[in-house]
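This is start.pdb (PDB, C-alpha atoms and all ligand atoms).
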```pdb
ATOM      1  CA  MET A 293       5.146  15.752   6.197  1.00  0.00           C
ATOM      2  CA  ARG A 294       4.287  12.054   6.433  1.00  0.00           C
ATOM      3  CA  LEU A 295       5.533  10.157   3.401  1.00  0.00           C
ATOM      4  CA  PHE A 296       5.422   6.631   2.043  1.00  0.00           C
ATOM      5  CA  LEU A 297       6.219   4.710  -1.129  1.00  0.00           C
ATOM      6  CA  ALA A 298       3.472   2.676  -2.723  1.00  0.00           C
ATOM      7  CA  LEU A 299       2.018   1.099  -5.811  1.00  0.00           C
ATOM      8  CA  MET A 300      -1.249   2.684  -6.915  1.00  0.00           C
ATOM      9  CA  PRO A 301      -3.700   0.398  -8.736  1.00  0.00           C
ATOM     10  CA  PRO A 302      -4.707   1.051 -12.354  1.00  0.00           C
ATOM     11  CA  PRO A 303      -8.322   2.377 -12.612  1.00  0.00           C
ATOM     12  CA  ALA A 304     -10.027  -0.922 -13.570  1.00  0.00           C
ATOM     13  CA  LEU A 305      -8.340  -2.739 -10.701  1.00  0.00           C
ATOM     14  CA  ARG A 306      -9.158   0.116  -8.331  1.00  0.00           C
ATOM     15  CA  ARG A 307     -12.842  -0.425  -9.110  1.00  0.00           C
ATOM     16  CA  ARG A 308     -12.538  -4.170  -8.518  1.00  0.00           C
ATOM     17  CA  LEU A 309     -10.753  -3.564  -5.210  1.00  0.00           C
ATOM     18  CA  GLY A 310     -13.513  -1.104  -4.292  1.00  0.00           C
ATOM     19  CA  GLU A 311     -16.101  -3.835  -4.916  1.00  0.00           C
ATOM     20  CA  LEU A 312     -14.150  -6.191  -2.659  1.00  0.00           C
ATOM     21  CA  ALA A 313     -14.012  -3.474   0.005  1.00  0.00           C
ATOM     22  CA  GLU A 314     -17.779  -3.052  -0.290  1.00  0.00           C
ATOM     23  CA  ARG A 315     -18.402  -6.774   0.194  1.00  0.00           C
ATOM     24  CA  ALA A 316     -15.977  -6.944   3.092  1.00  0.00           C
ATOM     25  CA  HIS A 317     -17.556  -3.877   4.680  1.00  0.00           C
ATOM     26  CA  ALA A 318     -21.055  -5.391   4.510  1.00  0.00           C
ATOM     27  CA  ARG A 319     -19.757  -8.372   6.468  1.00  0.00           C
ATOM     28  CA  CYS A 320     -17.163  -6.872   8.804  1.00  0.00           C
ATOM     29  CA  GLY A 321     -18.121  -3.203   9.320  1.00  0.00           C
ATOM     30  CA  GLY A 322     -15.473  -0.625  10.256  1.00  0.00           C
ATOM     31  CA  ARG A 323     -14.165   2.179   8.009  1.00  0.00           C
ATOM     32  CA  ARG A 324     -13.920   1.366   4.340  1.00  0.00           C
ATOM     33  CA  VAL A 325     -10.815   2.812   2.639  1.00  0.00           C
ATOM     34  CA  PRO A 326     -12.125   5.106  -0.160  1.00  0.00           C
ATOM     35  CA  ASP A 327     -11.399   3.848  -3.694  1.00  0.00           C
ATOM     36  CA  ASP A 328      -9.063   6.813  -4.340  1.00  0.00           C
ATOM     37  CA  SER A 329      -6.892   5.817  -1.399  1.00  0.00           C
ATOM     38  CA  LEU A 330      -6.444   2.084  -2.121  1.00  0.00           C
ATOM     39  CA  HIS A 331      -2.737   1.239  -2.439  1.00  0.00           C
ATOM     40  CA  LEU A 332       0.044  -1.203  -1.622  1.00  0.00           C
ATOM     41  CA  THR A 333       2.573   0.277   0.818  1.00  0.00           C
ATOM     42  CA  LEU A 334       6.177  -0.611  -0.081  1.00  0.00           C
ATOM     43  CA  ALA A 335       7.919   1.611   2.474  1.00  0.00           C
ATOM     44  CA  PHE A 336       6.547   3.850   5.202  1.00  0.00           C
ATOM     45  CA  LEU A 337       8.976   6.741   5.751  1.00  0.00           C
ATOM     46  CA  GLY A 338       7.258   8.708   8.513  1.00  0.00           C
ATOM     47  CA  GLU A 339       7.776  12.439   9.105  1.00  0.00           C
ATOM     48  CA  VAL A 340      10.118  14.027   6.568  1.00  0.00           C
ATOM     49  CA  SER A 341      11.183  17.655   6.093  1.00  0.00           C
ATOM     50  CA  GLU A 342      10.239  19.537   2.916  1.00  0.00           C
ATOM     51  CA  GLU A 343      13.870  19.547   1.822  1.00  0.00           C
ATOM     52  CA  ARG A 344      14.124  15.797   2.338  1.00  0.00           C
ATOM     53  CA  ALA A 345      10.854  15.316   0.438  1.00  0.00           C
ATOM     54  CA  GLU A 346      12.350  17.102  -2.557  1.00  0.00           C
ATOM     55  CA  GLU A 347      15.415  14.869  -2.471  1.00  0.00           C
ATOM     56  CA  LEU A 348      13.179  11.809  -2.244  1.00  0.00           C
ATOM     57  CA  SER A 349      11.116  13.023  -5.213  1.00  0.00           C
ATOM     58  CA  THR A 350      14.258  13.349  -7.314  1.00  0.00           C
ATOM     59  CA  TRP A 351      15.364   9.864  -6.259  1.00  0.00           C
ATOM     60  CA  VAL A 352      11.942   8.331  -7.100  1.00  0.00           C
ATOM     61  CA  GLU A 353      11.902  10.063 -10.494  1.00  0.00           C
ATOM     62  CA  GLY A 354      15.191   8.290 -11.311  1.00  0.00           C
ATOM     63  CA  LEU A 355      14.209   4.810 -10.109  1.00  0.00           C
ATOM     64  CA  ASP A 356      14.265   1.892 -12.505  1.00  0.00           C
ATOM     65  CA  VAL A 357      11.324  -0.284 -11.430  1.00  0.00           C
ATOM     66  CA  PRO A 358      10.981  -3.646 -13.181  1.00  0.00           C
ATOM     67  CA  GLU A 359       7.415  -4.223 -14.308  1.00  0.00           C
ATOM     68  CA  GLY A 360       5.512  -7.068 -12.732  1.00  0.00           C
ATOM     69  CA  LYS A 361       2.127  -8.592 -12.049  1.00  0.00           C
ATOM     70  CA  TRP A 362       0.955  -9.278  -8.525  1.00  0.00           C
ATOM     71  CA  ARG A 363      -1.722 -11.920  -8.054  1.00  0.00           C
ATOM     72  CA  LEU A 364      -4.150 -11.169  -5.237  1.00  0.00           C
ATOM     73  CA  ASP A 365      -5.751 -14.381  -4.057  1.00  0.00           C
ATOM     74  CA  ALA A 366      -6.202 -14.150  -0.286  1.00  0.00           C
ATOM     75  CA  TRP A 367      -7.995 -12.250   2.446  1.00  0.00           C
ATOM     76  CA  GLY A 368      -6.005 -11.367   5.525  1.00  0.00           C
ATOM     77  CA  ALA A 369      -6.217  -9.401   8.757  1.00  0.00           C
ATOM     78  CA  PHE A 370      -4.022  -7.595  11.255  1.00  0.00           C
ATOM     79  CA  ARG A 371      -5.992  -8.188  14.444  1.00  0.00           C
ATOM     80  CA  ARG A 372      -4.858  -5.395  16.699  1.00  0.00           C
ATOM     81  CA  PRO A 373      -5.760  -2.334  14.643  1.00  0.00           C
ATOM     82  CA  GLY A 374      -8.713  -4.256  13.086  1.00  0.00           C
ATOM     83  CA  ILE A 375      -7.330  -4.120   9.571  1.00  0.00           C
ATOM     84  CA  LEU A 376      -8.838  -6.299   6.894  1.00  0.00           C
ATOM     85  CA  TRP A 377      -6.794  -6.633   3.718  1.00  0.00           C
ATOM     86  CA  VAL A 378      -6.489  -8.396   0.422  1.00  0.00           C
ATOM     87  CA  GLY A 379      -3.155  -9.866  -0.611  1.00  0.00           C
ATOM     88  CA  SER A 380      -1.599 -13.140  -1.594  1.00  0.00           C
ATOM     89  CA  GLN A 381      -1.256 -16.540   0.021  1.00  0.00           C
ATOM     90  CA  MET A 382       2.498 -16.519  -0.583  1.00  0.00           C
ATOM     91  CA  PRO A 383       4.404 -13.203  -0.530  1.00  0.00           C
ATOM     92  CA  ASP A 384       5.125 -12.364  -4.178  1.00  0.00           C
ATOM     93  CA  ARG A 385       8.859 -12.720  -4.861  1.00  0.00           C
ATOM     94  CA  ALA A 386       9.081  -9.803  -7.311  1.00  0.00           C
ATOM     95  CA  LEU A 387       7.365  -7.477  -4.822  1.00  0.00           C
ATOM     96  CA  VAL A 388       9.569  -8.670  -1.973  1.00  0.00           C
ATOM     97  CA  ASN A 389      12.610  -7.949  -4.177  1.00  0.00           C
ATOM     98  CA  LEU A 390      11.251  -4.514  -5.115  1.00  0.00           C
ATOM     99  CA  GLN A 391      10.625  -3.633  -1.447  1.00  0.00           C
ATOM    100  CA  ALA A 392      14.126  -4.857  -0.509  1.00  0.00           C
ATOM    101  CA  SER A 393      15.767  -2.839  -3.297  1.00  0.00           C
ATOM    102  CA  LEU A 394      13.952   0.330  -2.166  1.00  0.00           C
ATOM    103  CA  TRP A 395      15.124  -0.183   1.419  1.00  0.00           C
ATOM    104  CA  ARG A 396      18.689  -0.819   0.199  1.00  0.00           C
ATOM    105  CA  ASP A 397      18.603   2.760  -1.124  1.00  0.00           C
ATOM    106  CA  LEU A 398      16.629   4.226   1.801  1.00  0.00           C
ATOM    107  CA  GLU A 399      18.712   2.895   4.684  1.00  0.00           C
ATOM    108  CA  PRO A 400      21.905   4.755   3.649  1.00  0.00           C
ATOM    109  CA  GLN A 401      19.727   7.902   3.456  1.00  0.00           C
ATOM    110  CA  GLY A 402      18.980   7.465   7.171  1.00  0.00           C
ATOM    111  CA  PHE A 403      15.517   5.853   7.046  1.00  0.00           C
ATOM    112  CA  THR A 404      15.139   3.190   9.707  1.00  0.00           C
ATOM    113  CA  GLY A 405      11.553   1.900   9.387  1.00  0.00           C
ATOM    114  CA  ARG A 406      12.228  -1.260   7.411  1.00  0.00           C
ATOM    115  CA  PRO A 407       9.810  -3.906   8.747  1.00  0.00           C
ATOM    116  CA  SER A 408      11.294  -7.215   9.901  1.00  0.00           C
ATOM    117  CA  ARG A 409       8.807  -9.001   7.645  1.00  0.00           C
ATOM    118  CA  PHE A 410       7.122  -7.554   4.571  1.00  0.00           C
ATOM    119  CA  ILE A 411       3.555  -8.758   3.977  1.00  0.00           C
ATOM    120  CA  PRO A 412       2.336  -7.215   0.715  1.00  0.00           C
ATOM    121  CA  HIS A 413      -1.300  -6.232   1.260  1.00  0.00           C
ATOM    122  CA  VAL A 414      -3.973  -3.695   0.322  1.00  0.00           C
ATOM    123  CA  THR A 415      -5.885  -2.415   3.347  1.00  0.00           C
ATOM    124  CA  LEU A 416      -9.642  -2.383   2.633  1.00  0.00           C
ATOM    125  CA  LEU A 417     -11.113  -1.807   6.112  1.00  0.00           C
ATOM    126  CA  ARG A 418      -9.807  -0.143   9.240  1.00  0.00           C
ATOM    127  CA  ARG A 419     -11.250  -0.682  12.706  1.00  0.00           C
ATOM    128  CA  ALA A 420     -13.372  -3.569  11.436  1.00  0.00           C
ATOM    129  CA  ARG A 421     -15.947  -4.820  13.950  1.00  0.00           C
ATOM    130  CA  ARG A 422     -15.282  -8.427  13.045  1.00  0.00           C
ATOM    131  CA  LEU A 423     -12.440  -9.977  11.080  1.00  0.00           C
ATOM    132  CA  GLU A 424     -14.267 -13.011   9.770  1.00  0.00           C
ATOM    133  CA  THR A 425     -13.617 -13.626   6.063  1.00  0.00           C
ATOM    134  CA  ALA A 426     -14.563 -17.308   5.843  1.00  0.00           C
ATOM    135  CA  GLY A 427     -17.929 -16.444   4.246  1.00  0.00           C
ATOM    136  CA  LEU A 428     -16.413 -14.221   1.532  1.00  0.00           C
ATOM    137  CA  SER A 429     -15.493 -15.794  -1.799  1.00  0.00           C
ATOM    138  CA  PRO A 430     -11.703 -15.794  -2.307  1.00  0.00           C
ATOM    139  CA  PRO A 431     -10.333 -12.860  -4.310  1.00  0.00           C
ATOM    140  CA  ASP A 432      -8.792 -13.515  -7.711  1.00  0.00           C
ATOM    141  CA  LEU A 433      -7.277 -10.338  -9.117  1.00  0.00           C
ATOM    142  CA  ALA A 434      -4.115  -9.441 -11.043  1.00  0.00           C
ATOM    143  CA  TRP A 435      -2.290  -6.164 -10.442  1.00  0.00           C
ATOM    144  CA  PRO A 436       0.016  -5.171 -13.321  1.00  0.00           C
ATOM    145  CA  TYR A 437       2.479  -2.511 -12.143  1.00  0.00           C
ATOM    146  CA  ARG A 438       5.268  -0.490 -13.724  1.00  0.00           C
ATOM    147  CA  ARG A 439       6.054   2.360 -11.366  1.00  0.00           C
ATOM    148  CA  VAL A 440       6.355   3.367  -7.732  1.00  0.00           C
ATOM    149  CA  ALA A 441       4.763   6.505  -6.260  1.00  0.00           C
ATOM    150  CA  LEU A 442       5.955   8.767  -3.439  1.00  0.00           C
ATOM    151  CA  LEU A 443       2.884   9.841  -1.494  1.00  0.00           C
ATOM    152  CA  ARG A 444       2.122  12.306   1.226  1.00  0.00           C
ATOM    153  CA  SER A 445      -0.435  11.261   3.817  1.00  0.00           C
ATOM    154  CA  PHE A 446      -2.553  13.858   5.558  1.00  0.00           C
ATOM    155  CA  THR A 447      -5.768  13.778   7.519  1.00  0.00           C
ATOM    156  CA  ASP A 448      -8.972  15.653   6.805  1.00  0.00           C
ATOM    157  CA  GLN A 449     -12.484  15.243   8.211  1.00  0.00           C
ATOM    158  CA  ASP A 450     -12.970  12.096   6.081  1.00  0.00           C
ATOM    159  CA  GLY A 451      -9.835  10.406   7.444  1.00  0.00           C
ATOM    160  CA  ALA A 452      -6.491   9.771   5.725  1.00  0.00           C
ATOM    161  CA  ARG A 453      -5.973  11.280   2.267  1.00  0.00           C
ATOM    162  CA  TYR A 454      -3.013  10.868  -0.035  1.00  0.00           C
ATOM    163  CA  GLN A 455      -1.267  13.217  -2.452  1.00  0.00           C
ATOM    164  CA  THR A 456       1.188  11.977  -5.101  1.00  0.00           C
ATOM    165  CA  LEU A 457       4.496  13.889  -4.950  1.00  0.00           C
ATOM    166  CA  ALA A 458       6.513  11.912  -7.518  1.00  0.00           C
ATOM    167  CA  ARG A 459       6.442   8.774  -9.634  1.00  0.00           C
ATOM    168  CA  SER A 460       9.169   6.600 -11.082  1.00  0.00           C
ATOM    169  CA  PRO A 461       9.462   6.679 -14.881  1.00  0.00           C
ATOM    170  CA  LEU A 462       7.580   4.060 -16.916  1.00  0.00           C
ATOM    171  CA  SER A 463       9.750   0.972 -17.308  1.00  0.00           C
TER     172      SER A 463
HETATM  173  P1  LIG A 501      -1.209  -0.104   5.307  1.00  0.00           P
HETATM  174  O1  LIG A 501      -0.614  -0.293   3.956  1.00  0.00           O
HETATM  175  O2  LIG A 501      -1.256  -1.334   6.130  1.00  0.00           O
HETATM  176  O3  LIG A 501      -2.538   0.566   5.258  1.00  0.00           O
HETATM  177  C1  LIG A 501       0.189   5.395   4.707  1.00  0.00           C
HETATM  178  O4  LIG A 501      -0.033   5.842   5.996  1.00  0.00           O
HETATM  179  C2  LIG A 501       0.403   3.905   4.675  1.00  0.00           C
HETATM  180  O5  LIG A 501       1.585   3.563   5.384  1.00  0.00           O
HETATM  181  C3  LIG A 501      -0.731   3.154   5.330  1.00  0.00           C
HETATM  182  O6  LIG A 501      -1.476   2.596   4.323  1.00  0.00           O
HETATM  183  C4  LIG A 501      -0.114   2.167   6.281  1.00  0.00           C
HETATM  184  O7  LIG A 501      -0.188   0.845   6.018  1.00  0.00           O
HETATM  185  C5  LIG A 501       1.334   2.517   6.286  1.00  0.00           C
HETATM  186  N1  LIG A 501       1.710   2.955   7.627  1.00  0.00           N
HETATM  187  C6  LIG A 501       1.138   3.929   8.335  1.00  0.00           C
HETATM  188  N2  LIG A 501       1.738   4.080   9.514  1.00  0.00           N
HETATM  189  C7  LIG A 501       2.724   3.164   9.553  1.00  0.00           C
HETATM  190  C8  LIG A 501       3.708   2.830  10.509  1.00  0.00           C
HETATM  191  N3  LIG A 501       3.832   3.477  11.676  1.00  0.00           N
HETATM  192  N4  LIG A 501       4.538   1.827  10.199  1.00  0.00           N
HETATM  193  C9  LIG A 501       4.439   1.177   9.047  1.00  0.00           C
HETATM  194  N5  LIG A 501       3.530   1.446   8.097  1.00  0.00           N
HETATM  195  C10 LIG A 501       2.686   2.441   8.344  1.00  0.00           C
END
```
Kindly transcribe the structure held in the file into structure tokens.
Amino acid sequence: MRLFLALMPPPALRRRLGELAERAHARCGGRRVPDDSLHLTLAFLGEVSEERAEELSTWVEGLDVPEGKWRLDAWGAFRRPGILWVGSQMPDRALVNLQASLWRDLEPQGFTGRPSRFIPHVTLLRRARRLETAGLSPPDLAWPYRRVALLRSFTDQDGARYQTLARSPLS
């Protein structure tokens, strides 16, 4: 199964992110990520066996995640796959530290997908027709977080769907 670690937004923020996705979609087209699927990826783990997934769940359930607040104040894009995202002008130090601490545990477990540069972002649109955000008012949202989720990604007729396998305890 395909697994990744992420932060999932609290419900009120999820709605606000959904509104941003709606505005971005009206301007840029493409496939809007459904509200239920909005997330911040901290580590993409790729294909993992069921046994490995159980070990990862146990590890996640024992993680001590410091709580934090991420400020989202910028639009951004990854040109090649046509991804439009919301994130921050400067990578948030606490999130960068959290991502690094997760990879410090994952690498000795044999996971090799650590990106050379971590750009914290929430994907709102995939395969956007245009990636022009100049006409959109800048985002100004705060994301309070306390725990990390281990998610399974699978595809159905509506595109990618996610299932939560485990969550770290509340800090
Ligand atoms: P995203 O955060 O930019 O959308 C689940 O598939 C999540 O893991 C996606 O949201 C995606 O990033 C990220 N992801 C998917 N495939 C990936 C890959 N090959 N390398 C890195 N991240 C990937």
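For the pair atom CA of Arg438 of chain A and atom CA of Leu297 of chain A, the interatomic distance is 13.7 Å.
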Under the rule of at most 9 Å, produce a per-residue listing of chain A near ligand LIG 501 (chain A): chain, number, name, the closest pair of atoms, and the distance in Å, as CSV, using all atoms listed in the file.
```
residue,atom,partner,partner_atom,distance
A:Arg294,CA,A:LIG501,O4,7.6
A:Leu295,CA,A:LIG501,C1,7.3
A:Phe296,CA,A:LIG501,O5,5.9
A:Leu297,CA,A:LIG501,O5,8.1
A:Ala298,CA,A:LIG501,C2,8.1
A:Val325,CA,A:LIG501,O3,9.0
A:Ser329,CA,A:LIG501,O6,8.5
A:Leu330,CA,A:LIG501,O6,8.2
A:His331,CA,A:LIG501,O1,6.9
A:Leu332,CA,A:LIG501,O1,5.7
A:Thr333,CA,A:LIG501,O1,4.5
A:Leu334,CA,A:LIG501,O1,7.9
A:Ala335,CA,A:LIG501,N5,7.1
A:Phe336,CA,A:LIG501,N5,4.8
A:Leu337,CA,A:LIG501,C9,7.9
A:Gly338,CA,A:LIG501,N3,7.0
A:Phe370,CA,A:LIG501,O2,8.6
A:Ile375,CA,A:LIG501,O2,7.5
A:Trp377,CA,A:LIG501,O2,8.0
A:Gly405,CA,A:LIG501,N4,7.1
A:Arg406,CA,A:LIG501,C9,8.3
A:Pro407,CA,A:LIG501,C9,7.4
A:Pro412,CA,A:LIG501,O1,8.2
A:His413,CA,A:LIG501,O1,6.6
A:Val414,CA,A:LIG501,O1,6.0
A:Thr415,CA,A:LIG501,O3,4.9
A:Leu416,CA,A:LIG501,O3,8.1
A:Leu417,CA,A:LIG501,O3,8.9
A:Arg418,CA,A:LIG501,O3,8.3
A:Leu443,CA,A:LIG501,C1,8.1
A:Arg444,CA,A:LIG501,C1,8.0
A:Ser445,CA,A:LIG501,O4,5.9
A:Phe446,CA,A:LIG501,O4,8.4
A:Ala452,CA,A:LIG501,O4,7.6
A:Arg453,CA,A:LIG501,C1,8.9
A:Tyr454,CA,A:LIG501,C1,7.9
```
Checklist entry - How would you write, as JSON, numbers by chain, the residues chosen by the PyMOL selection byres (((chain A and resi 385) around 12) and not hetatm) on this structure? => result {"A": [360, 361, 362, 363, 380, 381, 382, 383, 384, 386, 387, 388, 389, 390, 391, 392, 410, 411, 412]}
Checklist entry - Just so the selection is clear, what residues does the PyMOL selection byres (((chain A and resi 423-428) around 10) and not hetatm) cover here, as a VMD selection string? => result chain A and resid 312 315 to 316 319 to 322 366 to 371 374 to 377 417 419 to 422 429 to 431
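Taking atom CA of Pro436 of chain A as the reference point, atom CA of Val352 of chain A is found at 19.1 Å.
Between atom CA of Asp397 of chain A and atom CA of Pro302 of chain A lies a distance of 25.9 Å.
If only C-alpha atoms are the atoms counted, then among A:Ala318, A:Asp327, A:Gly379, A:Arg344 the closest residue to Gly402 of chain A is A:Arg344.
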Checklist entry - When distances are computed from all atoms listed in the file, which of A:Asp365, A:Glu343, A:Thr350, A:Ala434 shows the smallest separation from Arg306 of chain A? => result A:Ala434
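Across A:Ala313, A:Ala441, A:Leu462, A:Met300, the tightest approach to Val378 of chain A is made by A:Ala313 when counting all atoms listed in the file.
Nearest residue to Leu457 of chain A, choosing from A:Ser393, A:Ser408, A:Ser349, A:Gln401 and counting only C-alpha atoms: A:Ser349.
Considering the residues A:Gln455, A:Asp356, A:Asp450, A:Asp432 and counting all atoms listed in the file, Pro326 of chain A has its shortest atom-to-atom contact with A:Asp450.
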